[in-house]
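The structure file structure.cif is reproduced below (mmCIF, C-alpha atoms).
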data_run
loop_
_atom_site.group_PDB
_atom_site.id
_atom_site.type_symbol
_atom_site.label_atom_id
_atom_site.label_comp_id
_atom_site.auth_asym_id
_atom_site.auth_seq_id
_atom_site.Cartn_x
_atom_site.Cartn_y
_atom_site.Cartn_z
ATOM 1 C CA MET A 1 22.618 6.105 16.424
ATOM 2 C CA PRO A 2 20.746 3.313 14.610
ATOM 3 C CA ARG A 3 21.613 2.188 11.103
ATOM 4 C CA VAL A 4 19.457 0.958 8.236
ATOM 5 C CA ARG A 5 19.811 -2.669 9.330
ATOM 6 C CA ASP A 6 18.332 -1.801 12.730
ATOM 7 C CA ILE A 7 15.259 -0.297 11.092
ATOM 8 C CA TYR A 8 14.959 -3.316 8.795
ATOM 9 C CA ASN A 9 15.057 -5.645 11.800
ATOM 10 C CA TYR A 10 12.418 -3.595 13.598
ATOM 11 C CA ILE A 11 10.031 -3.683 10.614
ATOM 12 C CA ASP A 12 10.661 -7.426 10.380
ATOM 13 C CA GLN A 13 9.054 -7.822 13.804
ATOM 14 C CA PHE A 14 5.599 -6.585 12.719
ATOM 15 C CA ALA A 15 5.793 -7.223 8.937
ATOM 16 C CA PRO A 16 8.115 -10.244 8.581
ATOM 17 C CA TYR A 17 10.112 -10.164 5.373
ATOM 18 C CA SER A 18 9.689 -13.940 5.168
ATOM 19 C CA LEU A 19 6.080 -13.238 4.106
ATOM 20 C CA GLN A 20 6.998 -11.408 0.912
ATOM 21 C CA GLU A 21 6.040 -12.974 -2.420
ATOM 22 C CA ASP A 22 8.681 -14.632 -4.599
ATOM 23 C CA TYR A 23 8.387 -11.904 -7.244
ATOM 24 C CA ASP A 24 8.902 -9.107 -4.728
ATOM 25 C CA ASN A 25 12.085 -7.217 -3.820
ATOM 26 C CA SER A 26 11.237 -5.782 -0.420
ATOM 27 C CA GLY A 27 14.023 -4.861 1.954
ATOM 28 C CA THR A 28 17.195 -2.822 1.603
ATOM 29 C CA ASN A 29 17.251 -1.734 -2.045
ATOM 30 C CA VAL A 30 19.932 0.930 -1.541
ATOM 31 C CA ILE A 31 22.059 0.785 1.585
ATOM 32 C CA PHE A 32 24.928 2.730 3.106
ATOM 33 C CA SER A 33 25.647 0.160 5.812
ATOM 34 C CA ASP A 34 27.864 2.183 8.135
ATOM 35 C CA LYS A 35 25.982 5.474 7.918
ATOM 36 C CA GLU A 36 24.028 6.525 11.003
ATOM 37 C CA VAL A 37 20.344 7.253 10.396
ATOM 38 C CA LYS A 38 19.152 10.522 11.906
ATOM 39 C CA LYS A 39 16.397 11.639 9.503
ATOM 40 C CA VAL A 40 13.956 9.463 7.554
ATOM 41 C CA LEU A 41 11.369 10.280 4.906
ATOM 42 C CA ILE A 42 8.400 7.938 4.435
ATOM 43 C CA ALA A 43 6.459 7.585 1.180
ATOM 44 C CA LEU A 44 4.489 5.108 -0.882
ATOM 45 C CA ASP A 45 6.948 5.344 -3.803
ATOM 46 C CA ILE A 46 10.222 7.085 -4.584
ATOM 47 C CA THR A 47 9.904 9.801 -7.215
ATOM 48 C CA ASN A 48 12.461 12.333 -8.390
ATOM 49 C CA GLU A 49 10.695 14.972 -6.288
ATOM 50 C CA ILE A 50 10.985 12.843 -3.158
ATOM 51 C CA ILE A 51 14.692 12.290 -3.775
ATOM 52 C CA ASP A 52 15.180 16.057 -4.082
ATOM 53 C CA GLU A 53 13.190 16.615 -0.885
ATOM 54 C CA ALA A 54 15.235 14.001 0.970
ATOM 55 C CA ALA A 55 18.524 15.508 -0.198
ATOM 56 C CA ALA A 56 17.467 19.070 0.630
ATOM 57 C CA GLY A 57 16.251 18.057 4.084
ATOM 58 C CA GLY A 58 19.277 15.941 4.951
ATOM 59 C CA ALA A 59 17.438 12.613 5.098
ATOM 60 C CA ASP A 60 19.645 9.561 5.423
ATOM 61 C CA LEU A 61 16.967 7.049 4.483
ATOM 62 C CA ILE A 62 13.675 6.793 2.573
ATOM 63 C CA VAL A 63 11.246 4.106 3.738
ATOM 64 C CA THR A 64 8.645 3.148 1.137
ATOM 65 C CA HIS A 65 5.962 0.582 0.497
ATOM 66 C CA HIS A 66 6.948 -0.089 -3.120
ATOM 67 C CA PRO A 67 10.591 -1.079 -3.737
ATOM 68 C CA VAL A 68 12.699 1.401 -5.690
ATOM 69 C CA ILE A 69 14.330 -1.622 -7.374
ATOM 70 C CA PHE A 70 11.568 -4.036 -8.342
ATOM 71 C CA ARG A 71 12.820 -5.718 -11.500
ATOM 72 C CA SER A 72 16.377 -6.767 -12.294
ATOM 73 C CA LEU A 73 18.697 -3.955 -13.391
ATOM 74 C CA LYS A 74 20.777 -4.814 -16.454
ATOM 75 C CA ALA A 75 22.663 -1.516 -16.415
ATOM 76 C CA LEU A 76 23.272 1.430 -14.095
ATOM 77 C CA ASP A 77 21.971 4.683 -15.514
ATOM 78 C CA SER A 78 22.390 8.067 -13.852
ATOM 79 C CA ASP A 79 18.728 8.798 -14.613
ATOM 80 C CA SER A 80 17.450 5.815 -12.613
ATOM 81 C CA THR A 81 16.041 6.543 -9.161
ATOM 82 C CA ALA A 82 18.244 3.944 -7.444
ATOM 83 C CA VAL A 83 21.410 5.430 -8.927
ATOM 84 C CA LYS A 84 20.298 8.948 -7.994
ATOM 85 C CA LEU A 85 19.924 7.776 -4.404
ATOM 86 C CA CYS A 86 23.425 6.322 -4.466
ATOM 87 C CA MET A 87 24.856 9.550 -5.861
ATOM 88 C CA LYS A 88 23.239 11.507 -3.015
ATOM 89 C CA GLY A 89 24.172 9.005 -0.289
ATOM 90 C CA ILE A 90 20.574 8.172 0.633
ATOM 91 C CA SER A 91 19.530 4.629 1.558
ATOM 92 C CA ALA A 92 16.198 3.087 0.519
ATOM 93 C CA LEU A 93 14.265 0.469 2.475
ATOM 94 C CA SER A 94 10.888 -0.957 1.464
ATOM 95 C CA ALA A 95 8.171 -3.135 2.987
ATOM 96 C CA HIS A 96 5.889 -4.297 0.197
ATOM 97 C CA THR A 97 4.109 -7.664 0.023
ATOM 98 C CA ASN A 98 5.299 -8.580 3.517
ATOM 99 C CA PHE A 99 3.477 -5.474 4.785
ATOM 100 C CA ASP A 100 0.449 -6.329 2.630
ATOM 101 C CA SER A 101 0.195 -9.786 4.204
ATOM 102 C CA ALA A 102 0.834 -8.734 7.791
ATOM 103 C CA VAL A 103 -0.705 -5.285 8.183
ATOM 104 C CA MET A 104 -2.096 -3.447 5.149
ATOM 105 C CA ASN A 105 -5.633 -4.802 4.928
ATOM 106 C CA ASP A 106 -6.243 -4.592 8.660
ATOM 107 C CA ILE A 107 -5.472 -0.880 8.681
ATOM 108 C CA LEU A 108 -7.391 -0.393 5.406
ATOM 109 C CA CYS A 109 -10.486 -1.911 7.009
ATOM 110 C CA GLU A 110 -9.941 0.295 10.057
ATOM 111 C CA GLU A 111 -9.625 3.376 7.825
ATOM 112 C CA LEU A 112 -12.865 2.399 6.078
ATOM 113 C CA GLY A 113 -14.628 1.871 9.417
ATOM 114 C CA MET A 114 -15.281 -1.805 8.653
ATOM 115 C CA ASN A 115 -14.879 -4.859 10.856
ATOM 116 C CA PRO A 116 -13.019 -7.773 9.209
ATOM 117 C CA VAL A 117 -14.444 -11.223 9.939
ATOM 118 C CA GLU A 118 -12.207 -13.503 7.818
ATOM 119 C CA PRO A 119 -9.503 -13.423 5.125
ATOM 120 C CA LEU A 120 -10.499 -12.901 1.511
ATOM 121 C CA ALA A 121 -8.011 -15.605 0.472
ATOM 122 C CA VAL A 122 -5.044 -17.587 1.765
ATOM 123 C CA GLU A 123 -1.992 -18.092 -0.438
ATOM 124 C CA ASN A 124 1.023 -20.112 0.721
ATOM 125 C CA ASN A 125 -0.463 -20.077 4.230
ATOM 126 C CA VAL A 126 -0.526 -16.256 4.156
ATOM 127 C CA PRO A 127 -3.847 -14.334 4.392
ATOM 128 C CA VAL A 128 -4.713 -11.959 1.560
ATOM 129 C CA GLY A 129 -7.385 -9.282 1.908
ATOM 130 C CA LYS A 130 -10.362 -9.258 4.259
ATOM 131 C CA ILE A 131 -14.086 -9.940 4.301
ATOM 132 C CA CYS A 132 -16.073 -7.394 6.299
ATOM 133 C CA GLU A 133 -19.673 -7.162 7.454
ATOM 134 C CA LEU A 134 -21.226 -3.681 7.396
ATOM 135 C CA ASP A 135 -23.391 -2.460 10.264
ATOM 136 C CA ARG A 136 -26.178 -1.694 7.796
ATOM 137 C CA GLU A 137 -27.021 -2.255 4.164
ATOM 138 C CA LEU A 138 -25.830 0.382 1.697
ATOM 139 C CA ALA A 139 -26.554 1.139 -1.926
ATOM 140 C CA ALA A 140 -23.526 1.039 -4.238
ATOM 141 C CA GLY A 141 -23.487 4.830 -4.550
ATOM 142 C CA GLU A 142 -23.562 5.236 -0.765
ATOM 143 C CA LEU A 143 -20.649 2.840 -0.324
ATOM 144 C CA ALA A 144 -18.673 4.606 -3.069
ATOM 145 C CA ALA A 145 -19.238 7.988 -1.415
ATOM 146 C CA MET A 146 -18.155 6.602 1.955
ATOM 147 C CA VAL A 147 -14.954 5.103 0.521
ATOM 148 C CA LYS A 148 -14.182 8.315 -1.348
ATOM 149 C CA GLY A 149 -14.620 10.386 1.795
ATOM 150 C CA ARG A 150 -12.532 8.135 4.017
ATOM 151 C CA LEU A 151 -9.634 7.557 1.595
ATOM 152 C CA GLY A 152 -9.590 11.023 0.034
ATOM 153 C CA ASN A 153 -10.106 9.866 -3.541
ATOM 154 C CA THR A 154 -10.763 12.243 -6.394
ATOM 155 C CA VAL A 155 -12.869 9.591 -8.104
ATOM 156 C CA ILE A 156 -14.189 6.076 -7.456
ATOM 157 C CA ARG A 157 -14.983 3.745 -10.350
ATOM 158 C CA TYR A 158 -17.708 1.194 -9.666
ATOM 159 C CA ASN A 159 -20.443 -0.882 -11.258
ATOM 160 C CA ASP A 160 -23.851 -0.587 -9.648
ATOM 161 C CA THR A 161 -25.654 -3.937 -9.664
ATOM 162 C CA GLY A 162 -28.786 -2.390 -8.156
ATOM 163 C CA LYS A 163 -28.469 -4.598 -5.091
ATOM 164 C CA THR A 164 -27.911 -3.492 -1.526
ATOM 165 C CA ILE A 165 -24.527 -4.228 0.052
ATOM 166 C CA ARG A 166 -23.791 -5.741 3.458
ATOM 167 C CA ARG A 167 -20.832 -8.113 2.976
ATOM 168 C CA VAL A 168 -17.710 -6.456 1.559
ATOM 169 C CA ALA A 169 -14.386 -7.864 0.355
ATOM 170 C CA VAL A 170 -11.373 -5.549 0.774
ATOM 171 C CA CYS A 171 -7.886 -5.784 -0.745
ATOM 172 C CA GLY A 172 -5.498 -2.835 -0.968
ATOM 173 C CA GLY A 173 -3.422 -2.188 -4.062
ATOM 174 C CA SER A 174 -4.092 -4.194 -7.207
ATOM 175 C CA GLY A 175 -6.514 -6.944 -6.250
ATOM 176 C CA GLY A 176 -8.455 -7.759 -9.406
ATOM 177 C CA SER A 177 -7.045 -11.279 -9.484
ATOM 178 C CA PHE A 178 -8.979 -12.099 -6.295
ATOM 179 C CA LEU A 179 -12.407 -11.486 -7.844
ATOM 180 C CA LYS A 180 -13.268 -15.206 -7.759
ATOM 181 C CA ASN A 181 -12.365 -15.304 -4.067
ATOM 182 C CA ALA A 182 -14.760 -12.443 -3.369
ATOM 183 C CA LEU A 183 -17.489 -14.325 -5.227
ATOM 184 C CA ARG A 184 -16.746 -17.573 -3.362
ATOM 185 C CA LYS A 185 -16.979 -15.697 -0.059
ATOM 186 C CA ASN A 186 -20.443 -14.391 -1.060
ATOM 187 C CA ALA A 187 -19.386 -10.746 -0.995
ATOM 188 C CA ASP A 188 -21.888 -8.154 -2.206
ATOM 189 C CA ALA A 189 -19.091 -5.710 -3.073
ATOM 190 C CA TYR A 190 -15.326 -5.719 -3.502
ATOM 191 C CA ILE A 191 -13.112 -2.694 -2.758
ATOM 192 C CA THR A 192 -9.648 -2.720 -4.350
ATOM 193 C CA GLY A 193 -7.572 -0.825 -6.941
ATOM 194 C CA ASP A 194 -6.226 -1.066 -10.508
ATOM 195 C CA VAL A 195 -9.316 -2.926 -11.733
ATOM 196 C CA LYS A 196 -9.174 -3.957 -15.393
ATOM 197 C CA HIS A 197 -12.164 -3.711 -17.722
ATOM 198 C CA ASP A 198 -12.606 -7.487 -17.997
ATOM 199 C CA VAL A 199 -12.755 -7.779 -14.201
ATOM 200 C CA PHE A 200 -15.576 -5.242 -14.091
ATOM 201 C CA ILE A 201 -17.435 -7.194 -16.797
ATOM 202 C CA ASP A 202 -17.006 -10.506 -14.981
ATOM 203 C CA ALA A 203 -18.122 -8.917 -11.708
ATOM 204 C CA HIS A 204 -21.144 -7.299 -13.347
ATOM 205 C CA ASN A 205 -22.242 -10.572 -14.920
ATOM 206 C CA ALA A 206 -21.849 -12.304 -11.539
ATOM 207 C CA GLY A 207 -23.880 -9.623 -9.736
ATOM 208 C CA LEU A 208 -20.950 -8.278 -7.696
ATOM 209 C CA CYS A 209 -20.306 -4.561 -7.231
ATOM 210 C CA VAL A 210 -16.592 -3.738 -7.609
ATOM 211 C CA LEU A 211 -15.236 -0.399 -6.414
ATOM 212 C CA ASP A 212 -11.891 0.718 -7.830
ATOM 213 C CA ALA A 213 -10.530 3.143 -5.231
ATOM 214 C CA GLY A 214 -7.102 3.317 -6.857
ATOM 215 C CA HIS A 215 -3.754 1.776 -5.995
ATOM 216 C CA PHE A 216 -2.427 4.926 -4.331
ATOM 217 C CA HIS A 217 -5.426 5.650 -2.141
ATOM 218 C CA THR A 218 -5.936 2.076 -0.926
ATOM 219 C CA GLU A 219 -2.284 1.852 0.148
ATOM 220 C CA ASN A 220 -1.292 5.389 1.146
ATOM 221 C CA ILE A 221 -2.351 4.457 4.698
ATOM 222 C CA PHE A 222 1.086 2.794 4.854
ATOM 223 C CA CYS A 223 2.787 6.150 5.408
ATOM 224 C CA GLU A 224 1.173 7.389 8.613
ATOM 225 C CA PHE A 225 1.139 3.876 10.073
ATOM 226 C CA MET A 226 4.850 3.443 9.371
ATOM 227 C CA LYS A 227 5.682 6.875 10.780
ATOM 228 C CA ARG A 228 3.848 6.088 14.019
ATOM 229 C CA LYS A 229 5.291 2.576 14.317
ATOM 230 C CA LEU A 230 8.893 3.566 13.605
ATOM 231 C CA SER A 231 8.668 6.572 15.937
ATOM 232 C CA GLU A 232 7.707 4.200 18.748
ATOM 233 C CA GLY A 233 10.809 2.105 18.112
ATOM 234 C CA PHE A 234 13.378 4.874 17.479
ATOM 235 C CA SER A 235 12.818 7.996 19.555
ATOM 236 C CA ASP A 236 16.162 9.454 18.475
ATOM 237 C CA ILE A 237 15.308 9.505 14.735
ATOM 238 C CA ASP A 238 13.275 12.220 13.011
ATOM 239 C CA PHE A 239 10.565 10.494 10.929
ATOM 240 C CA ASN A 240 8.396 12.451 8.490
ATOM 241 C CA VAL A 241 5.962 11.562 5.714
ATOM 242 C CA SER A 242 7.263 13.152 2.526
ATOM 243 C CA ALA A 243 5.545 16.381 1.492
ATOM 244 C CA GLU A 244 5.886 15.099 -2.098
ATOM 245 C CA ASN A 245 4.082 11.841 -1.330
ATOM 246 C CA ARG A 246 0.994 12.219 -3.511
ATOM 247 C CA ASP A 247 -1.081 10.665 -6.231
ATOM 248 C CA ILE A 248 0.800 11.743 -9.368
ATOM 249 C CA LEU A 249 -2.265 11.168 -11.580
ATOM 250 C CA SER A 250 -4.609 13.969 -12.591
ATOM 251 C CA TYR A 251 -8.343 13.477 -13.103
ATOM 252 C CA GLU A 252 -10.791 15.396 -15.281
ATOM 253 C CA ILE A 253 -14.247 14.943 -13.808
#
Once more with this new file: its structure as C-alpha cells, please.
Amino acid sequence: MPRVRDIYNYIDQFAPYSLQEDYDNSGTNVIFSDKEVKKVLIALDITNEIIDEAAAGGADLIVTHHPVIFRSLKALDSDSTAVKLCMKGISALSAHTNFDSAVMNDILCEELGMNPVEPLAVENNVPVGKICELDRELAAGELAAMVKGRLGNTVIRYNDTGKTIRRVAVCGGSGGSFLKNALRKNADAYITGDVKHDVFIDAHNAGLCVLDAGHFHTENIFCEFMKRKLSEGFSDIDFNVSAENRDILSYEI
C-alpha cells in the first residue's frame, strides 16, 4: 500500500511544491511515515469536526488546500488541530500556493464557464490568476447571479459601476492585492474573495466592478478536483471529500 510520501510525490507532478510562496507551509504537516494509507479524507481546511470524522471513519490521511500548520508553533497544545491529529495517528498533507499557481485558477475559470486568455499577474516567474473574455456583455448584477449560481454562494458582495462587463479578472482565495493588475489588464470586473473595504473603494473610484465570492467558495473546487486526480493515481485507496467540509460562516440576508 502507498504511504504519505507517495501521495506527496504524485501531487508534486501536477502542482509542484517548488512553486509555493516563501511564506507558505504546504506539504506534509503531520506525517506517520511508515503507516500505509488506505483511506483519505479531502477538505479545504482541517476543523475539529473533520478530525472527528476522519477518526470515526478510519482515515489515515487528510489532504487539504490550507496547511494545518501555517505559522510557527512555539508550543504543543493538546487543543491544537495538529496535535489532535498526532494523538489520533492521522497524517495531514496540504497543497496550497503551489496548487494555486499550477491549477486553482484554471479550474475556477472552468467552473465559472469562462475562457482564460492570459494570466492576471506573474510573480517570480509564476502566473497568478487569469484574465477571461466573456461570450457576451453582462451587467454587474447578472454576473453576480451567475457566479453565485455556479459556486453555490449564499451571498456575493459587489460594487455596481453601471457599466457592462466583458473582460473579467479571476483569482481564487484572497486576491485583493492584485487589484492594480486587474486595472492594468483593462478588466471590467474582478472576481476574488476576502475583499477589504479599501479595495472596494479603490475599485469603485477606478470604475472597476469587484465581486467578492468568498475565500471558501472560490477555492472549494480544490476538493472534487483532488479527489478525482488522486483516485486516478491510486486505485487501491479510498478517497472521499469530507462530509464536514463546509463554509463555517453563517449569513443573515
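Among A:Asp12, A:Asp60, A:Asp100, A:Asp160, the residue with the shortest atom-to-atom distance to Val37 (chain A), counting all atoms listed in the file, is A:Asp60.
Across A:Gly207, A:Glu36, A:Phe178, A:Gln20, the tightest approach to Pro2 (chain A) is made by A:Glu36 when counting only C-alpha atoms.
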Hits of the PyMOL selection byres ((chain A and resi 233) around 12) in this structure, as number ranges by chain:
A: 2, 6-11, 13-14, 226-232, 234-239
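Proximity to Lys35 (chain A) was assessed for A:Tyr23, A:Ser18, A:Val4, A:Arg136 counting all atoms listed in the file; the smallest distance is recorded for A:Val4.
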So which residues get picked by the PyMOL selection byres ((chain A and resi 103-111) around 8) here, written as a PyMOL selection string?
chain A and resi 14-15+99-102+112-116+128-130+132+150-151+170-172+218-219+221-222
Pick out the residues sitting within 12 Å of Leu249 (chain A), and hand them over as an MDAnalysis selection string; count only C-alpha atoms, and ignore anything fewer than 5 positions along from it in its own chain.
chainID A and resid 153:155 214:217
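Closest approach to Leu41 (chain A) among A:Thr81, A:Asn25, A:Asn181, A:Thr64: A:Thr64, based on all atoms listed in the file.
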Under the PyMOL selection byres ((chain A and resi 72) around 12), which residues of this model are included? Write them out as a PyMOL selection string.
chain A and resi 23-25+29+67-71+73-76+82
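Taking CA of Thr28 (chain A) as the reference point, CA of His66 (chain A) is found at 11.6 Å.
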Compare A:Met1, A:Ala55, A:Leu134, A:Val40 by their minimum atom-to-atom distance to Leu85 (chain A), counting only C-alpha atoms, and give me the closest one.
A:Ala55
Using all atoms listed in the file, pick whichever of A:Leu179, A:Leu211, A:Ile253, A:Leu19 has the shortest atom-to-atom distance to Met146 (chain A).
A:Leu211
Near Glu53 (chain A), counting all atoms listed in the file, which residues have an atom at most 9 Å away, once you skip same-chain residues fewer than 5 positions from it, shown as a VMD selection string?
chain A and resid 41 48 58 to 59 242 to 244
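One distance worth recording is that between CA of Lys84 (chain A) and CA of Ile51 (chain A), which is 7.8 Å.
For the pair CA of Asp52 (chain A) and CA of Asn220 (chain A), the interatomic distance is 20.3 Å.
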Counting only C-alpha atoms, select every polymer residue within 9 Å of (-13.2, -8.4, -6.8) as defined in the file's coordinates, and provide the selection as a count of residues only.
25
Generate N, CA and C atoms for region 207-222 of chain A and emit them as a PDB file, in the coordinates of the input.
ATOM      1  N   GLY A 207     -23.063 -10.352 -10.706  1.00  0.00           N
ATOM      2  CA  GLY A 207     -23.880  -9.623  -9.736  1.00  0.00           C
ATOM      3  C   GLY A 207     -23.110  -9.036  -8.580  1.00  0.00           C
ATOM      4  N   LEU A 208     -21.794  -8.829  -8.762  1.00  0.00           N
ATOM      5  CA  LEU A 208     -20.950  -8.278  -7.696  1.00  0.00           C
ATOM      6  C   LEU A 208     -20.561  -6.839  -8.023  1.00  0.00           C
ATOM      7  N   CYS A 209     -20.730  -5.953  -7.079  1.00  0.00           N
ATOM      8  CA  CYS A 209     -20.306  -4.561  -7.231  1.00  0.00           C
ATOM      9  C   CYS A 209     -18.822  -4.451  -6.901  1.00  0.00           C
ATOM     10  N   VAL A 210     -18.016  -3.956  -7.835  1.00  0.00           N
ATOM     11  CA  VAL A 210     -16.592  -3.738  -7.609  1.00  0.00           C
ATOM     12  C   VAL A 210     -16.331  -2.239  -7.565  1.00  0.00           C
ATOM     13  N   LEU A 211     -15.595  -1.809  -6.556  1.00  0.00           N
ATOM     14  CA  LEU A 211     -15.236  -0.399  -6.414  1.00  0.00           C
ATOM     15  C   LEU A 211     -13.730  -0.263  -6.563  1.00  0.00           C
ATOM     16  N   ASP A 212     -13.312   0.452  -7.606  1.00  0.00           N
ATOM     17  CA  ASP A 212     -11.891   0.718  -7.830  1.00  0.00           C
ATOM     18  C   ASP A 212     -11.556   2.044  -7.156  1.00  0.00           C
ATOM     19  N   ALA A 213     -10.902   1.950  -5.996  1.00  0.00           N
ATOM     20  CA  ALA A 213     -10.530   3.143  -5.231  1.00  0.00           C
ATOM     21  C   ALA A 213      -9.098   3.566  -5.504  1.00  0.00           C
ATOM     22  N   GLY A 214      -8.446   2.919  -6.466  1.00  0.00           N
ATOM     23  CA  GLY A 214      -7.102   3.317  -6.857  1.00  0.00           C
ATOM     24  C   GLY A 214      -6.011   2.659  -6.032  1.00  0.00           C
ATOM     25  N   HIS A 215      -4.890   2.394  -6.683  1.00  0.00           N
ATOM     26  CA  HIS A 215      -3.754   1.776  -5.995  1.00  0.00           C
ATOM     27  C   HIS A 215      -3.201   2.718  -4.917  1.00  0.00           C
ATOM     28  N   PHE A 216      -3.010   3.973  -5.280  1.00  0.00           N
ATOM     29  CA  PHE A 216      -2.427   4.926  -4.331  1.00  0.00           C
ATOM     30  C   PHE A 216      -3.291   5.079  -3.093  1.00  0.00           C
ATOM     31  N   HIS A 217      -4.580   5.319  -3.280  1.00  0.00           N
ATOM     32  CA  HIS A 217      -5.426   5.650  -2.141  1.00  0.00           C
ATOM     33  C   HIS A 217      -5.733   4.449  -1.245  1.00  0.00           C
ATOM     34  N   THR A 218      -5.699   3.237  -1.785  1.00  0.00           N
ATOM     35  CA  THR A 218      -5.936   2.076  -0.926  1.00  0.00           C
ATOM     36  C   THR A 218      -4.679   1.648  -0.180  1.00  0.00           C
ATOM     37  N   GLU A 219      -3.524   2.232  -0.539  1.00  0.00           N
ATOM     38  CA  GLU A 219      -2.284   1.852   0.148  1.00  0.00           C
ATOM     39  C   GLU A 219      -1.549   3.018   0.809  1.00  0.00           C
ATOM     40  N   ASN A 220      -1.984   4.235   0.571  1.00  0.00           N
ATOM     41  CA  ASN A 220      -1.292   5.389   1.146  1.00  0.00           C
ATOM     42  C   ASN A 220      -1.350   5.399   2.670  1.00  0.00           C
ATOM     43  N   ILE A 221      -2.256   4.620   3.244  1.00  0.00           N
ATOM     44  CA  ILE A 221      -2.351   4.457   4.698  1.00  0.00           C
ATOM     45  C   ILE A 221      -1.058   3.903   5.295  1.00  0.00           C
ATOM     46  N   PHE A 222      -0.225   3.295   4.442  1.00  0.00           N
ATOM     47  CA  PHE A 222       1.086   2.794   4.854  1.00  0.00           C
ATOM     48  C   PHE A 222       1.911   3.879   5.536  1.00  0.00           C
TER      49      PHE A 222
END
